[in-house]
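S.K.: You'll find coords10.txt just under this line, and it carries compact mmCIF, N, CA and C atoms.
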```txt
# COMPACT_ATOMS: atom_id res chain seq x y z
N MET A 640 -10.90 10.40 -22.80
CA MET A 640 -11.84 9.67 -21.97
C MET A 640 -11.46 9.75 -20.50
N LEU A 641 -10.19 9.55 -20.20
CA LEU A 641 -9.75 9.61 -18.82
C LEU A 641 -9.12 10.95 -18.47
N ALA A 642 -9.41 11.98 -19.26
CA ALA A 642 -8.81 13.28 -19.02
C ALA A 642 -9.28 13.88 -17.70
N PHE A 643 -10.48 13.52 -17.24
CA PHE A 643 -10.99 14.07 -15.98
C PHE A 643 -10.11 13.68 -14.79
N ILE A 644 -9.38 12.58 -14.91
CA ILE A 644 -8.54 12.13 -13.80
C ILE A 644 -7.40 13.11 -13.56
N PHE A 645 -6.78 13.59 -14.60
CA PHE A 645 -5.60 14.41 -14.44
C PHE A 645 -5.91 15.90 -14.31
N LYS A 646 -7.14 16.31 -14.50
CA LYS A 646 -7.51 17.71 -14.33
C LYS A 646 -7.82 18.02 -12.87
N ARG A 647 -8.04 17.04 -12.07
CA ARG A 647 -8.44 17.24 -10.68
C ARG A 647 -7.25 17.58 -9.80
N THR A 648 -7.57 18.06 -8.61
CA THR A 648 -6.54 18.36 -7.63
C THR A 648 -6.18 17.13 -6.81
N PHE A 649 -6.72 15.99 -7.17
CA PHE A 649 -6.51 14.76 -6.41
C PHE A 649 -5.03 14.42 -6.29
N PHE A 650 -4.30 14.51 -7.38
CA PHE A 650 -2.91 14.09 -7.38
C PHE A 650 -1.97 15.10 -6.72
N SER A 651 -2.48 16.26 -6.33
CA SER A 651 -1.68 17.19 -5.55
C SER A 651 -1.88 16.98 -4.04
N ASP A 652 -2.84 16.17 -3.68
CA ASP A 652 -3.10 15.83 -2.27
C ASP A 652 -2.29 14.58 -1.91
N LYS A 653 -1.21 14.77 -1.14
CA LYS A 653 -0.30 13.67 -0.83
C LYS A 653 -0.98 12.54 -0.08
N TYR A 654 -1.84 12.87 0.86
CA TYR A 654 -2.50 11.85 1.66
C TYR A 654 -3.40 10.97 0.79
N ALA A 655 -4.14 11.58 -0.12
CA ALA A 655 -5.02 10.82 -1.01
C ALA A 655 -4.22 9.95 -1.97
N VAL A 656 -3.12 10.47 -2.47
CA VAL A 656 -2.29 9.69 -3.40
C VAL A 656 -1.66 8.50 -2.68
N ILE A 657 -1.19 8.71 -1.44
CA ILE A 657 -0.61 7.61 -0.66
C ILE A 657 -1.66 6.53 -0.43
N LEU A 658 -2.88 6.93 -0.09
CA LEU A 658 -3.95 5.95 0.10
C LEU A 658 -4.27 5.20 -1.20
N LEU A 659 -4.30 5.92 -2.30
CA LEU A 659 -4.60 5.29 -3.59
C LEU A 659 -3.51 4.31 -4.01
N VAL A 660 -2.26 4.70 -3.86
CA VAL A 660 -1.15 3.81 -4.22
C VAL A 660 -1.12 2.59 -3.29
N GLY A 661 -1.36 2.81 -2.01
CA GLY A 661 -1.43 1.69 -1.07
C GLY A 661 -2.56 0.74 -1.41
N PHE A 662 -3.70 1.29 -1.78
CA PHE A 662 -4.84 0.48 -2.18
C PHE A 662 -4.52 -0.32 -3.44
N LEU A 663 -3.81 0.30 -4.37
CA LEU A 663 -3.38 -0.40 -5.58
C LEU A 663 -2.44 -1.56 -5.24
N LEU A 664 -1.47 -1.32 -4.38
CA LEU A 664 -0.53 -2.37 -3.99
C LEU A 664 -1.24 -3.50 -3.24
N PHE A 665 -2.19 -3.15 -2.41
CA PHE A 665 -2.97 -4.16 -1.67
C PHE A 665 -3.80 -5.00 -2.63
N THR A 666 -4.38 -4.37 -3.63
CA THR A 666 -5.17 -5.09 -4.64
C THR A 666 -4.28 -6.02 -5.46
N VAL A 667 -3.12 -5.53 -5.87
CA VAL A 667 -2.20 -6.37 -6.63
C VAL A 667 -1.73 -7.55 -5.78
N ALA A 668 -1.46 -7.32 -4.50
CA ALA A 668 -1.05 -8.41 -3.61
C ALA A 668 -2.16 -9.45 -3.48
N ASN A 669 -3.40 -8.99 -3.41
CA ASN A 669 -4.53 -9.91 -3.32
C ASN A 669 -4.66 -10.75 -4.59
N ILE A 670 -4.50 -10.11 -5.73
CA ILE A 670 -4.59 -10.84 -7.00
C ILE A 670 -3.45 -11.84 -7.12
N LEU A 671 -2.24 -11.43 -6.75
CA LEU A 671 -1.10 -12.34 -6.81
C LEU A 671 -1.25 -13.51 -5.84
N LEU A 672 -1.84 -13.25 -4.67
CA LEU A 672 -2.07 -14.32 -3.71
C LEU A 672 -2.92 -15.42 -4.32
N VAL A 673 -3.99 -15.03 -4.99
CA VAL A 673 -4.87 -16.02 -5.60
C VAL A 673 -4.19 -16.71 -6.78
N LEU A 674 -3.52 -15.94 -7.61
CA LEU A 674 -2.89 -16.54 -8.79
C LEU A 674 -1.77 -17.50 -8.43
N LEU A 675 -1.02 -17.20 -7.38
CA LEU A 675 0.09 -18.07 -6.99
C LEU A 675 -0.37 -19.30 -6.22
N MET A 676 -1.46 -19.17 -5.46
CA MET A 676 -1.91 -20.30 -4.64
C MET A 676 -2.88 -21.22 -5.37
N LEU A 677 -3.51 -20.74 -6.42
CA LEU A 677 -4.53 -21.53 -7.12
C LEU A 677 -3.90 -22.26 -8.29
N SER A 678 -4.16 -23.53 -8.34
CA SER A 678 -3.69 -24.33 -9.47
C SER A 678 -4.88 -25.10 -10.03
N SER A 679 -4.79 -25.47 -11.28
CA SER A 679 -5.90 -26.20 -11.90
C SER A 679 -5.96 -27.61 -11.33
N ARG A 680 -7.17 -27.99 -11.01
CA ARG A 680 -7.40 -29.32 -10.46
C ARG A 680 -8.61 -29.92 -11.14
N ASN A 681 -8.63 -31.23 -11.22
CA ASN A 681 -9.74 -31.90 -11.88
C ASN A 681 -10.90 -32.17 -10.95
N TYR A 682 -10.72 -32.00 -9.66
CA TYR A 682 -11.80 -32.29 -8.73
C TYR A 682 -12.42 -30.99 -8.21
N GLN A 683 -13.56 -31.14 -7.58
CA GLN A 683 -14.27 -29.96 -7.09
C GLN A 683 -13.69 -29.53 -5.75
N ILE A 684 -13.75 -28.22 -5.52
CA ILE A 684 -13.24 -27.66 -4.28
C ILE A 684 -14.35 -26.87 -3.59
N PRO A 685 -14.24 -26.64 -2.28
CA PRO A 685 -15.27 -25.85 -1.60
C PRO A 685 -15.24 -24.40 -2.06
N ILE A 686 -16.40 -23.89 -2.44
CA ILE A 686 -16.46 -22.49 -2.88
C ILE A 686 -17.36 -21.65 -1.99
N ARG A 687 -18.23 -22.29 -1.21
CA ARG A 687 -19.14 -21.53 -0.35
C ARG A 687 -19.53 -22.37 0.83
N PHE A 688 -19.64 -21.73 1.99
CA PHE A 688 -20.06 -22.42 3.21
C PHE A 688 -21.50 -22.07 3.48
N SER A 689 -22.30 -23.09 3.76
CA SER A 689 -23.71 -22.88 4.08
C SER A 689 -24.01 -23.53 5.42
N GLY A 690 -24.51 -22.74 6.35
CA GLY A 690 -24.83 -23.26 7.68
C GLY A 690 -26.32 -23.42 7.89
N TYR A 691 -27.12 -23.36 6.83
CA TYR A 691 -28.57 -23.41 6.96
C TYR A 691 -29.13 -24.82 7.08
N GLU A 692 -28.35 -25.83 6.83
CA GLU A 692 -28.86 -27.19 6.87
C GLU A 692 -28.61 -27.89 8.20
N GLY A 693 -28.48 -27.12 9.26
CA GLY A 693 -28.26 -27.71 10.57
C GLY A 693 -26.79 -27.84 10.90
N ILE A 694 -26.05 -28.50 10.05
CA ILE A 694 -24.60 -28.58 10.23
C ILE A 694 -23.95 -27.84 9.08
N GLY A 695 -22.73 -27.42 9.29
CA GLY A 695 -22.03 -26.68 8.25
C GLY A 695 -21.74 -27.54 7.05
N VAL A 696 -22.06 -27.03 5.88
CA VAL A 696 -21.85 -27.77 4.64
C VAL A 696 -21.11 -26.86 3.67
N PHE A 697 -20.06 -27.39 3.08
CA PHE A 697 -19.36 -26.67 2.02
C PHE A 697 -19.98 -27.06 0.69
N GLU A 698 -20.44 -26.05 -0.05
CA GLU A 698 -20.89 -26.32 -1.41
C GLU A 698 -19.67 -26.38 -2.31
N ARG A 699 -19.70 -27.24 -3.26
CA ARG A 699 -18.52 -27.48 -4.08
C ARG A 699 -18.74 -26.95 -5.50
N GLY A 700 -17.65 -26.58 -6.12
CA GLY A 700 -17.68 -26.09 -7.49
C GLY A 700 -16.34 -26.32 -8.15
N GLN A 701 -16.20 -25.88 -9.37
CA GLN A 701 -14.97 -26.06 -10.11
C GLN A 701 -13.87 -25.14 -9.58
N TRP A 702 -12.62 -25.50 -9.80
CA TRP A 702 -11.50 -24.74 -9.27
C TRP A 702 -11.44 -23.33 -9.81
N TYR A 703 -11.90 -23.10 -11.03
CA TYR A 703 -11.78 -21.78 -11.63
C TYR A 703 -12.82 -20.80 -11.09
N TYR A 704 -13.78 -21.24 -10.28
CA TYR A 704 -14.72 -20.31 -9.66
C TYR A 704 -14.02 -19.36 -8.69
N LEU A 705 -12.88 -19.78 -8.17
CA LEU A 705 -12.16 -18.94 -7.22
C LEU A 705 -11.50 -17.73 -7.89
N TYR A 706 -11.45 -17.71 -9.21
CA TYR A 706 -10.93 -16.53 -9.90
C TYR A 706 -11.88 -15.35 -9.80
N VAL A 707 -13.08 -15.56 -9.30
CA VAL A 707 -14.02 -14.46 -9.10
C VAL A 707 -13.50 -13.51 -8.03
N LEU A 708 -12.77 -14.02 -7.05
CA LEU A 708 -12.28 -13.17 -5.96
C LEU A 708 -11.30 -12.10 -6.44
N PRO A 709 -10.28 -12.42 -7.24
CA PRO A 709 -9.43 -11.33 -7.72
C PRO A 709 -10.13 -10.39 -8.70
N VAL A 710 -11.08 -10.90 -9.45
CA VAL A 710 -11.85 -10.03 -10.35
C VAL A 710 -12.66 -9.03 -9.51
N PHE A 711 -13.27 -9.52 -8.43
CA PHE A 711 -14.00 -8.63 -7.53
C PHE A 711 -13.07 -7.59 -6.92
N SER A 712 -11.88 -8.01 -6.52
CA SER A 712 -10.90 -7.09 -5.94
C SER A 712 -10.54 -5.99 -6.93
N PHE A 713 -10.31 -6.35 -8.19
CA PHE A 713 -9.96 -5.36 -9.20
C PHE A 713 -11.13 -4.42 -9.49
N VAL A 714 -12.34 -4.95 -9.55
CA VAL A 714 -13.52 -4.11 -9.82
C VAL A 714 -13.72 -3.11 -8.68
N VAL A 715 -13.56 -3.56 -7.44
CA VAL A 715 -13.69 -2.66 -6.29
C VAL A 715 -12.63 -1.57 -6.38
N PHE A 716 -11.39 -1.94 -6.73
CA PHE A 716 -10.33 -0.94 -6.86
C PHE A 716 -10.68 0.07 -7.95
N ALA A 717 -11.08 -0.40 -9.11
CA ALA A 717 -11.36 0.50 -10.23
C ALA A 717 -12.51 1.46 -9.92
N VAL A 718 -13.60 0.92 -9.42
CA VAL A 718 -14.78 1.75 -9.15
C VAL A 718 -14.50 2.75 -8.03
N ASN A 719 -13.92 2.28 -6.94
CA ASN A 719 -13.68 3.18 -5.82
C ASN A 719 -12.60 4.21 -6.12
N SER A 720 -11.62 3.87 -6.93
CA SER A 720 -10.60 4.84 -7.30
C SER A 720 -11.19 5.95 -8.16
N VAL A 721 -11.95 5.58 -9.18
CA VAL A 721 -12.57 6.60 -10.04
C VAL A 721 -13.55 7.45 -9.24
N LEU A 722 -14.33 6.81 -8.38
CA LEU A 722 -15.28 7.55 -7.55
C LEU A 722 -14.56 8.51 -6.62
N SER A 723 -13.48 8.06 -6.02
CA SER A 723 -12.73 8.91 -5.10
C SER A 723 -12.10 10.09 -5.83
N ILE A 724 -11.58 9.85 -7.02
CA ILE A 724 -10.96 10.94 -7.78
C ILE A 724 -12.01 11.96 -8.20
N LYS A 725 -13.17 11.50 -8.61
CA LYS A 725 -14.22 12.42 -9.06
C LYS A 725 -14.80 13.22 -7.90
N ILE A 726 -14.90 12.61 -6.72
CA ILE A 726 -15.49 13.28 -5.56
C ILE A 726 -14.50 14.22 -4.89
N HIS A 727 -13.21 14.01 -5.10
CA HIS A 727 -12.19 14.77 -4.37
C HIS A 727 -12.32 16.27 -4.58
N GLN A 728 -12.68 16.69 -5.76
CA GLN A 728 -12.80 18.13 -6.02
C GLN A 728 -13.95 18.74 -5.22
N LEU A 729 -15.01 17.96 -5.02
CA LEU A 729 -16.15 18.48 -4.28
C LEU A 729 -15.93 18.41 -2.78
N ARG A 730 -15.58 17.22 -2.28
CA ARG A 730 -15.38 17.02 -0.84
C ARG A 730 -14.18 16.10 -0.61
N ARG A 731 -13.11 16.66 -0.14
CA ARG A 731 -11.89 15.88 0.11
C ARG A 731 -12.15 14.80 1.16
N GLU A 732 -12.91 15.11 2.19
CA GLU A 732 -13.16 14.17 3.28
C GLU A 732 -13.87 12.91 2.79
N TYR A 733 -14.83 13.08 1.90
CA TYR A 733 -15.56 11.93 1.36
C TYR A 733 -14.65 11.06 0.50
N SER A 734 -13.78 11.71 -0.24
CA SER A 734 -12.84 10.98 -1.08
C SER A 734 -11.91 10.13 -0.23
N ILE A 735 -11.38 10.71 0.84
CA ILE A 735 -10.50 9.97 1.75
C ILE A 735 -11.27 8.85 2.42
N ALA A 736 -12.51 9.09 2.81
CA ALA A 736 -13.32 8.06 3.46
C ALA A 736 -13.57 6.88 2.51
N ILE A 737 -13.80 7.17 1.24
CA ILE A 737 -14.00 6.09 0.27
C ILE A 737 -12.76 5.23 0.18
N LEU A 738 -11.59 5.85 0.14
CA LEU A 738 -10.34 5.09 0.04
C LEU A 738 -10.07 4.28 1.30
N VAL A 739 -10.34 4.86 2.45
CA VAL A 739 -10.11 4.13 3.71
C VAL A 739 -11.06 2.94 3.82
N LEU A 740 -12.32 3.13 3.48
CA LEU A 740 -13.28 2.03 3.54
C LEU A 740 -12.99 0.98 2.46
N SER A 741 -12.36 1.40 1.39
CA SER A 741 -11.96 0.44 0.36
C SER A 741 -10.90 -0.51 0.89
N TYR A 742 -10.02 0.00 1.75
CA TYR A 742 -9.04 -0.87 2.40
C TYR A 742 -9.74 -1.95 3.21
N LEU A 743 -10.83 -1.59 3.88
CA LEU A 743 -11.58 -2.56 4.67
C LEU A 743 -12.15 -3.66 3.78
N VAL A 744 -12.74 -3.27 2.67
CA VAL A 744 -13.29 -4.25 1.72
C VAL A 744 -12.17 -5.12 1.15
N ALA A 745 -11.05 -4.51 0.81
CA ALA A 745 -9.92 -5.27 0.25
C ALA A 745 -9.35 -6.23 1.30
N THR A 746 -9.33 -5.82 2.56
CA THR A 746 -8.83 -6.69 3.62
C THR A 746 -9.74 -7.91 3.78
N PHE A 747 -11.04 -7.69 3.80
CA PHE A 747 -11.98 -8.81 3.89
C PHE A 747 -11.83 -9.73 2.69
N ASN A 748 -11.66 -9.15 1.52
CA ASN A 748 -11.50 -9.95 0.31
C ASN A 748 -10.23 -10.79 0.40
N MET A 749 -9.16 -10.22 0.93
CA MET A 749 -7.92 -10.97 1.05
C MET A 749 -8.05 -12.10 2.07
N VAL A 750 -8.73 -11.84 3.18
CA VAL A 750 -8.92 -12.88 4.20
C VAL A 750 -9.76 -14.03 3.63
N VAL A 751 -10.83 -13.70 2.94
CA VAL A 751 -11.67 -14.73 2.34
C VAL A 751 -10.92 -15.49 1.26
N SER A 752 -10.17 -14.78 0.44
CA SER A 752 -9.38 -15.43 -0.61
C SER A 752 -8.38 -16.41 0.00
N TYR A 753 -7.68 -15.97 1.02
CA TYR A 753 -6.69 -16.84 1.66
C TYR A 753 -7.35 -18.05 2.31
N ALA A 754 -8.50 -17.85 2.94
CA ALA A 754 -9.20 -18.97 3.57
C ALA A 754 -9.64 -20.00 2.53
N PHE A 755 -10.16 -19.54 1.41
CA PHE A 755 -10.58 -20.48 0.38
C PHE A 755 -9.38 -21.17 -0.29
N MET A 756 -8.28 -20.43 -0.43
CA MET A 756 -7.10 -21.07 -1.02
C MET A 756 -6.54 -22.15 -0.11
N ARG A 757 -6.60 -21.93 1.20
CA ARG A 757 -6.12 -22.94 2.14
C ARG A 757 -7.06 -24.15 2.18
N ALA A 758 -8.35 -23.92 1.97
CA ALA A 758 -9.32 -25.03 1.98
C ALA A 758 -9.28 -25.83 0.69
N ALA A 759 -8.79 -25.20 -0.38
CA ALA A 759 -8.82 -25.85 -1.69
C ALA A 759 -7.78 -26.91 -1.82
```
Just give me the structure of the file as structure tokens.
M.R.:
Amino acid sequence: MLAFIFKRTFFSDKYAVILLVGFLLFTVANILLVLLMLSSRNYQIPIRFSGYEGIGVFERGQWYYLYVLPVFSFVVFAVNSVLSIKIHQLRREYSIAILVLSYLVATFNMVVSYAFMRAA
């Protein structure tokens, strides 16, 4: 099933592998950040900010809703890694661009995760 990953020239490209491993480490750090900072609580915590009601209002939800952030981080890693590996044989530049832009998404995810963990 995953044989297509190892048949590609992706793993012989040092720059692409460094980006992929760095992206993996960044994703794991993001997941660990949420898991270490989040604890179960019986009260509701802010999960979303809404500025449409004139003044800023935090919508509240259960503490386990914040586990969506590391799940999103892992899904982004999995999809973008497979996409980058598959595209690498056709266009190396596009593959590298996908990995670099994935860092941007992972950075935003980490900033949002940290902000919500501090507010919780």
S.K.: Quote the spacing between atom CA of A:Phe755 and atom CA of A:Leu705 in Å to one decimal place.
M.R.: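 A separation of 7.9 Å between them.
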S.K.: For a test of reading the model, state the distance in Å between atom CA of A:Asn748 and atom CA of A:Asp652, rounded to one decimal.
M.R.: 27.2 Å
S.K.: Set the distance at 10 Å and use only C-alpha atoms: which residues neighbour A:Val673 once local chain neighbours fewer than 5 positions away are removed? I'd like the list as a ChimeraX atom specification.
M.R.: /A:668,678,705-709,749,752-753,755-756
S.K.: Produce a file of the selected residues containing N, CA and C atoms, as a compact mmCIF listing (two decimals), keeping the file's coordinate frame.
M.R.:
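And here's selection27.txt as it stands now:
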```
# COMPACT_ATOMS: atom_id res chain seq x y z
N ALA A 668 -1.46 -7.32 -4.50
CA ALA A 668 -1.05 -8.41 -3.61
C ALA A 668 -2.16 -9.45 -3.48
N SER A 678 -4.16 -23.53 -8.34
CA SER A 678 -3.69 -24.33 -9.47
C SER A 678 -4.88 -25.10 -10.03
N LEU A 705 -12.88 -19.78 -8.17
CA LEU A 705 -12.16 -18.94 -7.22
C LEU A 705 -11.50 -17.73 -7.89
N TYR A 706 -11.45 -17.71 -9.21
CA TYR A 706 -10.93 -16.53 -9.90
C TYR A 706 -11.88 -15.35 -9.80
N VAL A 707 -13.08 -15.56 -9.30
CA VAL A 707 -14.02 -14.46 -9.10
C VAL A 707 -13.50 -13.51 -8.03
N LEU A 708 -12.77 -14.02 -7.05
CA LEU A 708 -12.28 -13.17 -5.96
C LEU A 708 -11.30 -12.10 -6.44
N PRO A 709 -10.28 -12.42 -7.24
CA PRO A 709 -9.43 -11.33 -7.72
C PRO A 709 -10.13 -10.39 -8.70
N MET A 749 -9.16 -10.22 0.93
CA MET A 749 -7.92 -10.97 1.05
C MET A 749 -8.05 -12.10 2.07
N SER A 752 -10.17 -14.78 0.44
CA SER A 752 -9.38 -15.43 -0.61
C SER A 752 -8.38 -16.41 0.00
N TYR A 753 -7.68 -15.97 1.02
CA TYR A 753 -6.69 -16.84 1.66
C TYR A 753 -7.35 -18.05 2.31
N PHE A 755 -10.16 -19.54 1.41
CA PHE A 755 -10.58 -20.48 0.38
C PHE A 755 -9.38 -21.17 -0.29
N MET A 756 -8.28 -20.43 -0.43
CA MET A 756 -7.10 -21.07 -1.02
C MET A 756 -6.54 -22.15 -0.11
```
S.K.: Distance atom CA of A:Leu658-atom N of A:Ser712, one decimal place?
M.R.: 17.4 Å
S.K.: What's around A:Ser741 at 9 Å? Count only C-alpha atoms, leave out sequence neighbours fewer than 4 positions away in its own chain, and write the answer as a tab-separated table (two decimals) with N, CA and C atoms, in the frame of the given file.
M.R.:
```tsv
chain	number	residue	atom	x	y	z
A	662	PHE	N	-3.70	1.29	-1.78
A	662	PHE	CA	-4.84	0.48	-2.18
A	662	PHE	C	-4.52	-0.32	-3.44
A	715	VAL	N	-13.56	-3.56	-7.44
A	715	VAL	CA	-13.69	-2.66	-6.29
A	715	VAL	C	-12.63	-1.57	-6.38
A	716	PHE	N	-11.39	-1.94	-6.73
A	716	PHE	CA	-10.33	-0.94	-6.86
A	716	PHE	C	-10.68	0.07	-7.95
A	719	ASN	N	-13.92	2.28	-6.94
A	719	ASN	CA	-13.68	3.18	-5.82
A	719	ASN	C	-12.60	4.21	-6.12
A	720	SER	N	-11.62	3.87	-6.93
A	720	SER	CA	-10.60	4.84	-7.30
A	720	SER	C	-11.19	5.95	-8.16
A	736	ALA	N	-12.51	9.09	2.81
A	736	ALA	CA	-13.32	8.06	3.46
A	736	ALA	C	-13.57	6.88	2.51
A	737	ILE	N	-13.80	7.17	1.24
A	737	ILE	CA	-14.00	6.09	0.27
A	737	ILE	C	-12.76	5.23	0.18
A	745	ALA	N	-11.05	-4.51	0.81
A	745	ALA	CA	-9.92	-5.27	0.25
A	745	ALA	C	-9.35	-6.23	1.30
A	746	THR	N	-9.33	-5.82	2.56
A	746	THR	CA	-8.83	-6.69	3.62
A	746	THR	C	-9.74	-7.91	3.78
```
S.K.: Just the residues within 12 Å of A:Arg731, please, counting only C-alpha atoms, with nothing from its chain fewer than 4 positions along; format it as a PyMOL selection string.
M.R.: chain A and resi 647-656+722-727+735-738
S.K.: Only N, CA and C atoms, please: the residues just picked out, written as a short mmCIF file (atom, residue, chain, number, x, y, z; two decimals), in the coordinates of the input.
M.R.:
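The file below, out09.cif, is the result:
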```
data_model
loop_
_atom_site.label_atom_id
_atom_site.label_comp_id
_atom_site.auth_asym_id
_atom_site.auth_seq_id
_atom_site.Cartn_x
_atom_site.Cartn_y
_atom_site.Cartn_z
N ARG A 647 -8.04 17.04 -12.07
CA ARG A 647 -8.44 17.24 -10.68
C ARG A 647 -7.25 17.58 -9.80
N THR A 648 -7.57 18.06 -8.61
CA THR A 648 -6.54 18.36 -7.63
C THR A 648 -6.18 17.13 -6.81
N PHE A 649 -6.72 15.99 -7.17
CA PHE A 649 -6.51 14.76 -6.41
C PHE A 649 -5.03 14.42 -6.29
N PHE A 650 -4.30 14.51 -7.38
CA PHE A 650 -2.91 14.09 -7.38
C PHE A 650 -1.97 15.10 -6.72
N SER A 651 -2.48 16.26 -6.33
CA SER A 651 -1.68 17.19 -5.55
C SER A 651 -1.88 16.98 -4.04
N ASP A 652 -2.84 16.17 -3.68
CA ASP A 652 -3.10 15.83 -2.27
C ASP A 652 -2.29 14.58 -1.91
N LYS A 653 -1.21 14.77 -1.14
CA LYS A 653 -0.30 13.67 -0.83
C LYS A 653 -0.98 12.54 -0.08
N TYR A 654 -1.84 12.87 0.86
CA TYR A 654 -2.50 11.85 1.66
C TYR A 654 -3.40 10.97 0.79
N ALA A 655 -4.14 11.58 -0.12
CA ALA A 655 -5.02 10.82 -1.01
C ALA A 655 -4.22 9.95 -1.97
N VAL A 656 -3.12 10.47 -2.47
CA VAL A 656 -2.29 9.69 -3.40
C VAL A 656 -1.66 8.50 -2.68
N LEU A 722 -14.33 6.81 -8.38
CA LEU A 722 -15.28 7.55 -7.55
C LEU A 722 -14.56 8.51 -6.62
N SER A 723 -13.48 8.06 -6.02
CA SER A 723 -12.73 8.91 -5.10
C SER A 723 -12.10 10.09 -5.83
N ILE A 724 -11.58 9.85 -7.02
CA ILE A 724 -10.96 10.94 -7.78
C ILE A 724 -12.01 11.96 -8.20
N LYS A 725 -13.17 11.50 -8.61
CA LYS A 725 -14.22 12.42 -9.06
C LYS A 725 -14.80 13.22 -7.90
N ILE A 726 -14.90 12.61 -6.72
CA ILE A 726 -15.49 13.28 -5.56
C ILE A 726 -14.50 14.22 -4.89
N HIS A 727 -13.21 14.01 -5.10
CA HIS A 727 -12.19 14.77 -4.37
C HIS A 727 -12.32 16.27 -4.58
N ILE A 735 -11.38 10.71 0.84
CA ILE A 735 -10.50 9.97 1.75
C ILE A 735 -11.27 8.85 2.42
N ALA A 736 -12.51 9.09 2.81
CA ALA A 736 -13.32 8.06 3.46
C ALA A 736 -13.57 6.88 2.51
N ILE A 737 -13.80 7.17 1.24
CA ILE A 737 -14.00 6.09 0.27
C ILE A 737 -12.76 5.23 0.18
N LEU A 738 -11.59 5.85 0.14
CA LEU A 738 -10.34 5.09 0.04
C LEU A 738 -10.07 4.28 1.30
#
```
S.K.: For each of A:Tyr733, A:Phe713, A:Tyr703, A:Tyr742, take the minimum atom-to-atom distance to A:Gly661, counting only C-alpha atoms, then give the residue where this is smallest.
M.R.: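 Of the candidates, the smallest distance to A:Gly661 is held by A:Tyr742.
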S.K.: Can you sort out the box for stretch 668-676 of chain A, edges along x, y and z, all listed atoms in, 3 Å on every side, with centre and edge lengths in Å to one decimal, as lines of an AutoDock Vina configuration file?
M.R.:
```
center_x = -2.4
center_y = -14.3
center_z = -6.1
size_x = 11.0
size_y = 19.9
size_z = 11.5
```
S.K.: Which is closest to A:Arg757 among A:Leu740, A:Ala717, A:Val710, A:Met676, if we use all atoms listed in the file?
M.R.: A:Met676
